[in-house]
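File shown: model-v6.cif. Contents: mmCIF, C-alpha atoms.
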data_protein
loop_
_atom_site.label_atom_id
_atom_site.label_comp_id
_atom_site.auth_asym_id
_atom_site.auth_seq_id
_atom_site.Cartn_x
_atom_site.Cartn_y
_atom_site.Cartn_z
CA MET A 27 -49.28 -4.09 110.44
CA ALA A 28 -48.33 -2.21 113.58
CA THR A 29 -47.28 1.39 113.22
CA LEU A 30 -45.34 3.80 115.36
CA ARG A 31 -46.82 7.26 115.77
CA LYS A 32 -45.08 10.10 117.51
CA TYR A 33 -47.37 12.09 119.79
CA ALA A 34 -45.02 14.25 121.86
CA SER A 35 -41.50 15.64 121.64
CA THR A 36 -39.38 17.14 124.38
CA LEU A 37 -36.39 19.37 123.75
CA GLN A 38 -33.70 19.19 126.42
CA LEU A 39 -30.79 21.52 126.92
CA VAL A 40 -27.90 19.86 128.72
CA LEU A 41 -26.02 22.66 130.45
CA ASP A 42 -22.54 22.42 131.86
CA ASP A 43 -22.82 23.26 135.57
CA GLY A 44 -19.19 22.81 136.59
CA MET A 45 -17.62 19.99 138.55
CA ASP A 46 -18.70 18.02 141.58
CA GLU A 47 -16.01 18.83 144.15
CA GLU A 48 -16.15 15.42 145.83
CA THR A 49 -16.19 13.14 142.83
CA GLY A 50 -14.49 15.35 140.24
CA GLN A 51 -17.29 14.45 137.84
CA PRO A 52 -18.86 17.10 135.62
CA VAL A 53 -22.32 18.23 136.68
CA TYR A 54 -24.99 18.79 134.07
CA LYS A 55 -28.21 20.63 134.43
CA LEU A 56 -31.20 19.72 132.30
CA LYS A 57 -33.66 22.26 131.00
CA SER A 58 -36.66 20.71 129.29
CA PHE A 59 -39.26 22.12 126.96
CA ASN A 60 -42.24 19.85 126.58
CA ASN A 61 -44.44 21.43 123.99
CA VAL A 62 -42.27 20.86 120.93
CA LYS A 63 -44.02 20.10 117.65
CA THR A 64 -43.67 16.44 116.74
CA ASP A 65 -42.62 17.49 113.24
CA ALA A 66 -40.03 20.07 114.36
CA THR A 67 -36.79 19.63 112.42
CA ALA A 68 -33.30 19.30 113.88
CA ASP A 69 -32.52 22.78 112.51
CA GLN A 70 -35.53 24.29 114.27
CA MET A 71 -34.65 22.63 117.58
CA TYR A 72 -30.96 23.51 117.29
CA ALA A 73 -31.71 27.20 116.71
CA THR A 74 -34.36 27.28 119.45
CA ALA A 75 -32.09 25.60 121.98
CA ASN A 76 -29.26 28.02 121.20
CA ALA A 77 -31.57 31.03 121.49
CA PHE A 78 -32.52 29.96 125.02
CA ALA A 79 -29.00 28.92 126.00
CA GLY A 80 -27.52 32.25 124.93
CA LEU A 81 -29.51 34.09 127.59
CA GLN A 82 -28.08 32.28 130.59
CA GLU A 83 -24.61 31.79 132.04
CA LEU A 84 -24.02 28.06 131.68
CA SER A 85 -22.55 26.72 128.47
CA LEU A 86 -24.61 24.41 126.32
CA PHE A 87 -23.04 20.94 126.48
CA GLU A 88 -25.49 19.20 124.19
CA ILE A 89 -29.04 19.22 122.91
CA GLN A 90 -31.34 16.23 123.22
CA CYS A 91 -34.72 15.47 121.77
CA LYS A 92 -36.96 12.87 123.37
CA ASP A 93 -39.89 11.58 121.40
CA SER A 94 -42.82 9.64 122.75
CA SER A 95 -44.61 7.32 120.37
CA LYS A 96 -47.56 5.02 120.45
CA ILE A 97 -47.55 1.69 118.70
CA ARG A 98 -50.82 0.47 117.34
CA ASN A 99 -51.96 -2.41 115.22
CA ASN A 100 -53.87 -1.02 112.28
CA GLU A 101 -55.37 -4.25 111.01
CA MET B 8 -32.25 33.01 142.79
CA LYS B 9 -32.94 34.96 139.64
CA LYS B 10 -34.86 33.73 136.65
CA LEU B 11 -35.37 35.24 133.26
CA GLU B 12 -38.95 34.86 132.08
CA LEU B 13 -39.79 35.06 128.39
CA LYS B 14 -43.45 35.68 127.73
CA PHE B 15 -45.11 34.94 124.42
CA LEU B 16 -48.69 35.02 123.18
CA ASN B 17 -50.20 32.01 121.45
CA GLN B 18 -52.94 31.89 118.81
CA ASP B 19 -55.61 31.98 121.53
CA GLY B 20 -54.09 35.16 122.94
CA LYS B 21 -52.95 33.34 126.09
CA THR B 22 -49.57 33.98 127.66
CA ILE B 23 -46.95 31.22 127.49
CA THR B 24 -43.93 31.67 129.73
CA TYR B 25 -40.51 30.05 129.39
CA SER B 26 -38.02 30.63 132.14
CA MET B 27 -34.27 30.29 132.31
CA GLU B 28 -32.22 30.18 135.47
CA LYS B 29 -28.94 32.06 135.85
CA PRO B 30 -29.63 34.80 133.32
CA ILE B 31 -26.64 36.70 131.98
CA GLU B 32 -26.60 40.00 133.84
CA PRO B 33 -26.98 42.80 133.28
CA VAL B 34 -29.71 41.61 130.95
CA ASP B 35 -29.29 43.00 127.45
CA PRO B 36 -32.76 43.88 126.09
CA ASP B 37 -31.57 43.58 122.49
CA ALA B 38 -30.18 40.10 123.09
CA VAL B 39 -33.44 39.02 124.76
CA LYS B 40 -35.49 40.41 121.89
CA GLN B 41 -33.25 38.75 119.33
CA ALA B 42 -33.54 35.38 121.08
CA MET B 43 -37.33 35.70 121.38
CA ASN B 44 -37.61 36.59 117.70
CA ALA B 45 -35.47 33.57 116.83
CA ILE B 46 -37.77 31.35 118.92
CA LEU B 47 -40.82 32.77 117.12
CA GLU B 48 -39.15 32.40 113.74
CA GLN B 49 -38.20 28.77 114.36
CA ASN B 50 -41.79 28.07 115.37
CA ALA B 51 -40.83 24.76 116.97
CA PHE B 52 -43.39 24.92 119.78
CA THR B 53 -47.05 24.24 119.96
CA THR B 54 -49.35 24.81 122.93
CA SER B 55 -52.92 23.87 123.79
CA GLY B 56 -53.84 27.29 122.39
CA GLY B 57 -51.86 26.94 119.16
CA GLU B 58 -48.50 28.19 117.99
CA LEU B 59 -46.61 31.11 119.50
CA THR B 60 -47.53 34.28 117.62
CA ALA B 61 -45.95 37.28 119.34
CA ILE B 62 -43.66 38.54 122.06
CA LYS B 63 -45.55 39.70 125.14
CA GLY B 64 -42.62 40.71 127.31
CA ALA B 65 -39.68 39.60 129.36
CA ARG B 66 -38.69 40.07 132.97
CA VAL B 67 -36.24 38.97 135.58
CA VAL B 68 -37.81 37.47 138.68
CA ASP B 69 -35.83 37.36 141.89
CA HIS B 70 -36.92 34.69 144.31
CA GLN B 71 -35.84 35.45 147.84
CA VAL B 72 -36.07 32.94 150.64
CA GLU B 73 -35.92 33.82 154.29
CA GLU B 74 -35.70 31.02 156.82
CA ILE B 75 -37.85 31.51 159.87
CA ALA B 76 -36.30 30.45 163.16
CA LEU B 77 -38.86 28.35 165.00
CA ASP B 78 -36.93 27.57 168.16
#
Could you express the structure from this file as C-alpha coordinates?
Amino acid sequence: MATLRKYASTLQLVLDDGMDEETGQPVYKLKSFNNVKTDATADQMYATANAFAGLQELSLFEIQCKDSSKIRNNE
Amino acid sequence: MKKLELKFLNQDGKTITYSMEKPIEPVDPDAVKQAMNAILEQNAFTTSGGELTAIKGARVVDHQVEEIALD
(Lines of atoms letter the chains of each structure in order from A and count residues from 1; the text may use other names and numbers.)
(Lines give C-alpha, C1' and ligand atoms only; values in the text may rest on other atoms or scores of the structure.)
Protein backbone atom coordinates (compact mmCIF):
# COMPACT_ATOMS: atom_id res chain seq x y z
CA MET A 1 0.00 0.00 0.00
CA ALA A 2 1.27 3.46 -0.83
CA THR A 3 1.37 6.01 1.94
CA LEU A 4 1.51 9.77 2.07
CA ARG A 5 4.02 11.27 4.48
CA LYS A 6 4.28 14.94 5.22
CA TYR A 7 7.86 16.18 5.37
CA ALA A 8 7.55 19.98 5.33
CA SER A 9 4.98 22.64 6.14
CA THR A 10 4.97 26.29 5.18
CA LEU A 11 2.91 28.93 6.94
CA GLN A 12 1.86 31.84 4.75
CA LEU A 13 0.43 35.14 5.83
CA VAL A 14 -1.65 36.77 3.11
CA LEU A 15 -1.52 40.49 3.81
CA ASP A 16 -3.82 43.09 2.34
CA ASP A 17 -1.60 45.57 0.49
CA GLY A 18 -4.27 47.88 -0.89
CA MET A 19 -5.54 48.19 -4.43
CA ASP A 20 -3.86 48.14 -7.81
CA GLU A 21 -4.63 51.59 -9.22
CA GLU A 22 -4.81 50.42 -12.83
CA THR A 23 -6.89 47.31 -12.48
CA GLY A 24 -8.80 48.08 -9.28
CA GLN A 25 -7.89 44.62 -8.05
CA PRO A 26 -6.79 44.07 -4.46
CA VAL A 27 -3.08 43.45 -4.00
CA TYR A 28 -1.91 40.81 -1.57
CA LYS A 29 1.50 40.35 -0.13
CA LEU A 30 2.70 36.92 0.93
CA LYS A 31 4.94 36.35 3.91
CA SER A 32 6.13 32.77 4.23
CA PHE A 33 7.64 30.85 7.09
CA ASN A 34 9.22 27.61 5.97
CA ASN A 35 10.33 25.86 9.09
CA VAL A 36 6.93 24.96 10.52
CA LYS A 37 6.61 21.64 12.35
CA THR A 38 4.75 19.11 10.24
CA ASP A 39 2.58 18.30 13.26
CA ALA A 40 1.77 21.93 14.14
CA THR A 41 -1.96 22.35 14.80
CA ALA A 42 -4.26 24.92 13.23
CA ASP A 43 -4.45 26.66 16.62
CA GLN A 44 -0.67 26.92 16.84
CA MET A 45 -0.38 28.31 13.31
CA TYR A 46 -3.29 30.70 13.78
CA ALA A 47 -1.78 32.19 16.95
CA THR A 48 1.71 32.35 15.44
CA ALA A 49 0.48 34.05 12.27
CA ASN A 50 -1.46 36.62 14.29
CA ALA A 51 1.54 37.33 16.53
CA PHE A 52 3.63 38.18 13.47
CA ALA A 53 0.84 40.07 11.69
CA GLY A 54 0.17 42.28 14.70
CA LEU A 55 3.63 43.82 14.46
CA GLN A 56 3.27 45.24 10.98
CA GLU A 57 0.93 47.70 9.29
CA LEU A 58 -0.91 45.56 6.74
CA SER A 59 -4.03 43.72 7.78
CA LEU A 60 -4.06 39.95 7.73
CA PHE A 61 -6.37 38.82 4.93
CA GLU A 62 -5.96 35.10 5.44
CA ILE A 63 -3.61 32.41 6.66
CA GLN A 64 -2.51 29.52 4.49
CA CYS A 65 -0.62 26.36 5.25
CA LYS A 66 1.16 24.47 2.49
CA ASP A 67 2.26 20.94 3.17
CA SER A 68 4.70 18.93 1.13
CA SER A 69 4.35 15.17 1.21
CA LYS A 70 6.11 12.20 -0.23
CA ILE A 71 4.23 9.19 -1.50
CA ARG A 72 5.92 5.86 -1.15
CA ASN A 73 4.97 2.28 -1.72
CA ASN A 74 5.62 0.37 1.46
CA GLU A 75 5.26 -3.14 0.10
CA MET B 1 12.63 50.39 3.72
CA LYS B 2 12.35 49.37 7.34
CA LYS B 3 12.16 45.85 8.63
CA LEU B 4 11.47 44.53 12.08
CA GLU B 5 13.78 41.65 12.95
CA LEU B 6 12.81 39.19 15.67
CA LYS B 7 15.73 37.15 16.93
CA PHE B 8 15.33 33.89 18.78
CA LEU B 9 17.74 31.24 20.04
CA ASN B 10 17.24 27.60 19.14
CA GLN B 11 18.24 24.49 21.10
CA ASP B 12 21.74 24.64 19.60
CA GLY B 13 22.14 28.21 20.83
CA LYS B 14 22.09 29.55 17.27
CA THR B 15 20.22 32.71 16.34
CA ILE B 16 17.11 32.39 14.17
CA THR B 17 15.79 35.62 12.69
CA TYR B 18 12.30 36.33 11.39
CA SER B 19 11.71 39.65 9.72
CA MET B 20 8.56 41.61 8.98
CA GLU B 21 8.31 44.49 6.57
CA LYS B 22 6.36 47.66 7.36
CA PRO B 23 6.61 47.47 11.14
CA ILE B 24 4.11 49.50 13.14
CA GLU B 25 5.99 52.58 14.30
CA PRO B 26 6.92 53.74 16.77
CA VAL B 27 7.72 50.17 17.74
CA ASP B 28 6.18 49.23 21.07
CA PRO B 29 8.70 47.06 22.98
CA ASP B 30 5.94 45.47 25.06
CA ALA B 31 3.98 44.49 21.96
CA VAL B 32 7.11 42.99 20.37
CA LYS B 33 7.91 41.05 23.53
CA GLN B 34 4.35 39.81 23.81
CA ALA B 35 4.35 38.63 20.19
CA MET B 36 7.72 36.90 20.60
CA ASN B 37 6.52 35.17 23.76
CA ALA B 38 3.39 34.02 21.92
CA ILE B 39 5.56 32.61 19.11
CA LEU B 40 7.70 30.75 21.67
CA GLU B 41 4.63 29.51 23.51
CA GLN B 42 2.99 28.19 20.33
CA ASN B 43 6.21 26.37 19.50
CA ALA B 44 5.12 25.82 15.90
CA PHE B 45 8.60 26.13 14.38
CA THR B 46 11.50 23.80 14.13
CA THR B 47 14.96 24.58 12.78
CA SER B 48 18.02 22.53 11.87
CA GLY B 49 19.20 23.28 15.41
CA GLY B 50 15.95 22.30 17.13
CA GLU B 51 13.02 24.25 18.50
CA LEU B 52 13.08 27.92 19.44
CA THR B 53 13.95 28.24 23.11
CA ALA B 54 14.39 31.91 24.00
CA ILE B 55 14.17 35.50 22.87
CA LYS B 56 17.52 36.93 21.83
CA GLY B 57 16.43 40.40 20.81
CA ALA B 58 14.60 42.54 18.33
CA ARG B 59 15.60 45.44 16.14
CA VAL B 60 14.45 47.64 13.33
CA VAL B 61 16.72 47.65 10.31
CA ASP B 62 16.54 50.52 7.87
CA HIS B 63 17.73 49.70 4.40
CA GLN B 64 18.72 52.78 2.47
CA VAL B 65 19.42 52.75 -1.24
CA GLU B 66 21.27 55.46 -3.06
CA GLU B 67 21.39 55.35 -6.84
CA ILE B 68 24.74 56.21 -8.32
CA ALA B 69 24.66 58.32 -11.46
CA LEU B 70 26.97 56.70 -13.98
CA ASP B 71 26.60 59.11 -16.87
Resolved residues for the PyMOL selection byres ((chain A and resi 64-66) around 6) as a list in words: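 Applying the PyMOL selection byres ((chain A and resi 64-66) around 6) to the structure shown produces Ala34, Ser35, Lys63 and Thr67 of chain A; Ala51 of chain B.
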Check what the PyMOL selection byres ((chain A) within 6 of (chain B)) selects in the file above and give those residues as a ChimeraX atom specification. /A:61-63,66,70,74,77,81-83
Grab the atom CA of B:Leu59 to atom CA of A:Lys55 distance for me, in Å with one decimal place. 25.9 Å
Pick out the closest residue to A:Leu86 from this set: A:Ser58, A:Arg31, A:Ala68, A:Leu39. Count all atoms listed in the file. A:Leu39
Just want the 9 Å neighbourhood of B:Gln71, counted on all atoms listed in the file, with same-chain residues fewer than 2 positions away dropped. Output as a PyMOL selection string. chain B and resi 8-9+69+73
Please expand the PyMOL selection byres ((chain A and resi 94) around 6) into the concrete residues it hits in this file, giving the result as a ChimeraX atom specification. /A:32-34,93,95
Residue neighbourhood B:Gly57, 8 Å, only C-alpha atoms, exclusion window fewer than 5 positions, as a ChimeraX atom specification: /B:17-19
Filtering to C-alpha atoms, could you give me those residues as an mmCIF file, in the coordinates of the input?
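Writing done, so here's part16.cif:
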data_model
loop_
_atom_site.group_PDB
_atom_site.id
_atom_site.type_symbol
_atom_site.label_atom_id
_atom_site.label_comp_id
_atom_site.auth_asym_id
_atom_site.auth_seq_id
_atom_site.Cartn_x
_atom_site.Cartn_y
_atom_site.Cartn_z
ATOM 1 C CA ASN B 17 -50.200 32.010 121.450
ATOM 2 C CA GLN B 18 -52.940 31.890 118.810
ATOM 3 C CA ASP B 19 -55.610 31.980 121.530
#
Report, in Å with one decimal, the straight-line distance from atom CA of B:Lys63 to atom CA of B:Ile23.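 Atom CA of B:Lys63 sits 8.9 Å away from atom CA of B:Ile23.
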Go ahead and compute the interatomic distance for atom CA of A:Asp43 and atom CA of A:Gln90, in Å to one decimal.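 That distance, rounded to one decimal, is 16.6 Å.
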A:Val40, A:Ala73, A:Met27, A:Cys91 ranked by distance to A:Asn60, top pick (using all atoms listed in the file): A:Cys91
